[in-house]
Structure formats: C-alpha cells, structure tokens
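**Q** Sharing query-v8.json, JSON, C-alpha atoms:
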[["chain", "number", "residue", "atom", "x", "y", "z"],
["P", 1, "MET", "CA", 33.77, -31.48, -59.42],
["P", 2, "THR", "CA", 33.41, -34.94, -57.94],
["P", 3, "SER", "CA", 33.81, -38.10, -59.98],
["P", 4, "ASN", "CA", 30.03, -38.64, -59.83],
["P", 5, "GLU", "CA", 29.43, -35.17, -61.24],
["P", 6, "HIS", "CA", 31.94, -35.86, -64.04],
["P", 7, "LEU", "CA", 30.20, -39.12, -64.81],
["P", 8, "LYS", "CA", 26.77, -37.44, -64.93],
["P", 9, "GLU", "CA", 28.13, -34.70, -67.18],
["P", 10, "ARG", "CA", 29.58, -37.29, -69.59],
["P", 11, "GLU", "CA", 26.26, -39.18, -69.62],
["P", 12, "ASN", "CA", 24.37, -35.96, -70.36],
["P", 13, "ARG", "CA", 26.70, -35.15, -73.26],
["P", 14, "ALA", "CA", 26.34, -38.68, -74.64],
["P", 15, "MET", "CA", 22.55, -38.49, -74.41],
["P", 16, "THR", "CA", 22.57, -35.12, -76.17],
["P", 17, "ARG", "CA", 24.69, -36.50, -79.00],
["P", 18, "THR", "CA", 22.42, -39.54, -79.30],
["P", 19, "GLY", "CA", 19.38, -37.27, -79.50],
["P", 20, "ILE", "CA", 21.03, -35.17, -82.17],
["P", 21, "TYR", "CA", 21.99, -38.24, -84.19],
["P", 22, "THR", "CA", 18.48, -39.66, -83.86],
["P", 23, "GLY", "CA", 17.04, -36.37, -85.12],
["P", 24, "VAL", "CA", 19.45, -36.41, -88.05],
["P", 25, "GLY", "CA", 18.44, -40.01, -88.81],
["P", 26, "ILE", "CA", 14.77, -39.10, -88.95],
["P", 27, "HIS", "CA", 15.51, -36.13, -91.20],
["P", 28, "LEU", "CA", 17.54, -38.41, -93.44],
["P", 29, "VAL", "CA", 14.61, -40.83, -93.74],
["P", 30, "VAL", "CA", 12.29, -37.98, -94.72],
["P", 31, "LEU", "CA", 14.81, -36.70, -97.27],
["P", 32, "VAL", "CA", 15.18, -40.15, -98.84],
["P", 33, "ALA", "CA", 11.41, -40.48, -98.99],
["P", 34, "LEU", "CA", 11.05, -37.13, -100.72],
["P", 35, "LEU", "CA", 13.79, -38.02, -103.18],
["P", 36, "LEU", "CA", 12.04, -41.30, -103.87],
["P", 37, "LEU", "CA", 8.91, -39.39, -104.81],
["P", 38, "LEU", "CA", 10.72, -36.84, -106.98],
["P", 39, "ILE", "CA", 13.46, -38.73, -108.81],
["P", 40, "PRO", "CA", 12.58, -41.31, -111.46],
["P", 41, "PHE", "CA", 14.44, -44.55, -110.75],
["P", 42, "ARG", "CA", 14.93, -47.70, -112.70],
["P", 43, "GLN", "CA", 12.66, -50.37, -111.22],
["P", 44, "SER", "CA", 15.52, -52.20, -109.46],
["P", 45, "ASP", "CA", 16.90, -48.96, -107.97],
["P", 46, "ALA", "CA", 13.48, -47.91, -106.69],
["P", 47, "SER", "CA", 12.92, -51.30, -105.10],
["P", 48, "THR", "CA", 16.21, -51.09, -103.23],
["P", 49, "VAL", "CA", 15.47, -47.56, -102.02],
["P", 50, "ILE", "CA", 12.00, -48.61, -100.85],
["P", 51, "GLU", "CA", 13.43, -51.58, -98.94],
["P", 52, "ASP", "CA", 16.11, -49.40, -97.34],
["P", 53, "LEU", "CA", 13.49, -46.87, -96.33],
["P", 54, "PHE", "CA", 11.30, -49.62, -94.84],
["P", 55, "TYR", "CA", 14.14, -50.89, -92.69],
["P", 56, "GLN", "CA", 15.07, -47.34, -91.63],
["P", 57, "LEU", "CA", 11.51, -46.74, -90.43],
["P", 58, "ASP", "CA", 11.32, -50.15, -88.69],
["P", 59, "SER", "CA", 12.90, -48.90, -85.48],
["P", 60, "ASN", "CA", 12.13, -52.04, -83.43],
["P", 61, "HIS", "CA", 13.45, -54.33, -86.22],
["P", 62, "ASP", "CA", 10.44, -56.65, -86.21],
["P", 63, "GLU", "CA", 10.07, -56.40, -90.02],
["P", 64, "HIS", "CA", 6.68, -54.73, -89.64],
["P", 65, "LEU", "CA", 5.87, -51.04, -89.47],
["P", 66, "GLN", "CA", 3.68, -50.04, -86.58],
["P", 67, "PRO", "CA", 1.52, -46.90, -87.02],
["P", 68, "ALA", "CA", 3.95, -44.88, -84.87],
["P", 69, "GLU", "CA", 6.89, -45.95, -87.03],
["P", 70, "ALA", "CA", 4.96, -45.15, -90.21],
["P", 71, "ALA", "CA", 4.10, -41.70, -88.87],
["P", 72, "GLN", "CA", 7.79, -40.74, -89.33],
["P", 73, "LEU", "CA", 7.20, -40.56, -93.09],
["P", 74, "PRO", "CA", 4.92, -37.73, -94.20],
["P", 75, "GLY", "CA", 1.94, -39.10, -96.06],
["P", 76, "LEU", "CA", 2.42, -42.70, -94.95],
["P", 77, "LYS", "CA", 0.22, -42.28, -91.90],
["P", 78, "ALA", "CA", -2.68, -41.20, -94.13],
["P", 79, "ALA", "CA", -2.13, -44.12, -96.52],
["P", 80, "PHE", "CA", -1.53, -46.69, -93.77],
["P", 81, "SER", "CA", -5.01, -48.24, -93.79],
["P", 82, "GLN", "CA", -5.02, -48.48, -97.59],
["P", 83, "LEU", "CA", -1.69, -50.30, -97.57],
["P", 84, "ASP", "CA", -2.61, -52.64, -94.69],
["P", 85, "LYS", "CA", -4.31, -55.21, -96.93],
["P", 86, "ASP", "CA", -4.51, -57.92, -94.25],
["P", 87, "ASN", "CA", -5.85, -55.54, -91.57],
["P", 88, "SER", "CA", -3.05, -56.54, -89.21],
["P", 89, "LYS", "CA", -2.56, -52.92, -88.05],
["P", 90, "THR", "CA", 1.06, -53.23, -89.26],
["P", 91, "LEU", "CA", 2.73, -53.02, -92.67],
["P", 92, "ASP", "CA", 5.07, -55.70, -93.90],
["P", 93, "LEU", "CA", 7.59, -55.00, -96.67],
["P", 94, "GLY", "CA", 5.24, -56.23, -99.40],
["P", 95, "GLU", "CA", 2.47, -53.90, -98.26],
["P", 96, "PHE", "CA", 4.93, -51.01, -97.88],
["P", 97, "LYS", "CA", 6.12, -51.49, -101.47],
["P", 98, "GLN", "CA", 2.57, -50.74, -102.62],
["P", 99, "LEU", "CA", 3.13, -47.11, -101.54],
["P", 100, "LYS", "CA", 4.73, -46.45, -104.89],
["P", 101, "GLN", "CA", 1.58, -47.59, -106.67],
["P", 102, "LEU", "CA", -0.66, -45.36, -104.55],
["P", 103, "ARG", "CA", 1.12, -42.22, -105.71],
["P", 104, "SER", "CA", 0.93, -43.21, -109.40]]
When written as structure tokens, how does the structure in this file appear?
**A**
Amino acid sequence: MTSNEHLKERENRAMTRTGIYTGVGIHLVVLVALLLLLIPFRQSDASTVIEDLFYQLDSNHDEHLQPAEAAQLPGLKAAFSQLDKDNSKTLDLGEFKQLKQLRS
C-alpha cells in the first residue's frame, strides 16, 4: 500500500468513527428527552435537563433551534409552530422551555 492509500484508509476510519459517535449522540438526545417526559423532576432539575437538551439539539451553536435541529427530537417538530411565539421560524431557549407546559 502506498502512503496515499494509508492516509485515505485512516481518513475513512476516522470518518466512520465520527459518524458512529454522531449517531450515538443523537440517540443520547432522544433518550434524555424520553427520560425528561417520563421521570418527575424537581423544578430546578427539570430546568437544567431542558437547557442541556436545548444545547445538545443546537448543532450550529447559534442559541436558536432551526426546524431541522428540532426534528431530532420526536414530537418537537409537531409542536414547533406552537412554541415559536414570535414567529421567527426558530426556537430560543425560553420558547423551548415551554415544551414542558405543552405536555401537561
């Protein structure tokens, strides 16, 4: 194998690992969301979990959830327009926190 072939093989393995880790990250977000819906938290604990979930979903780190980012969480895509109070087509953290009230 040439050095170029070795380099390409290493890049392919790195990309595969990155894809696997990204998939695991998305599954982790969904699991946390499901736990949030099933486990009763104290108010402060729930708020922290909601904020953590928001920042996990915010893949471009602009502190707003785009519809594509919100689609990672089952049920959020359907509730997106209800939560988007200012009709900005994005959700900020305050709007996202209202998700808990929608399920009540």
**Q** Need the shell around stretch 98-100 of chain P: protein/DNA/RNA residues with any atom at most 8 Å away, counting only C-alpha atoms. Skip same-chain ones fewer than 6 positions apart. Format as a list of chain:residue names?
**A**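 Close residues of stretch 98-100 of chain P: P:Leu76, P:Ala79, P:Leu83.
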**Q** Which of these residues is nearest to P:Ala70, using all atoms listed in the file: P:Val49, P:Asn87, P:Glu5, P:Phe96?
**A**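 Of the candidates, the smallest distance to P:Ala70 is held by P:Phe96.
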**Q** How many Å lie between atom CA of P:Ala68 and atom CA of P:Ser47, rounded to one decimal?
**A**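 We find that atom CA of P:Ala68 and atom CA of P:Ser47 lie 23.0 Å from each other.
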**Q** In Å, with one decimal, what is the gap from atom CA of P:Leu93 to atom CA of P:Glu51?
**A**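 Going from atom CA of P:Leu93 over to atom CA of P:Glu51 covers 7.1 Å.
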**Q** Work out how far atom CA of P:Gln72 is from atom CA of P:Asn60, in Å to one decimal.
**A**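 Separating atom CA of P:Asn60 from atom CA of P:Gln72 is a distance of 13.5 Å.
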**Q** Identify which of the residues P:Asp92, P:Lys85, P:Pro74, P:Glu9 lies closest to P:Asp62, counting all atoms listed in the file when measuring atom-to-atom distances.
**A**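 Between P:Asp92, P:Lys85, P:Pro74, P:Glu9, the residue approaching P:Asp62 most closely is P:Asp92.
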**Q** Residues near P:Tyr55, anyone? I mean within 9 Å using only C-alpha atoms, not counting same-chain ones fewer than 5 positions away, as a VMD selection string.
**A** chain P and resid 50 61 63 to 65 93
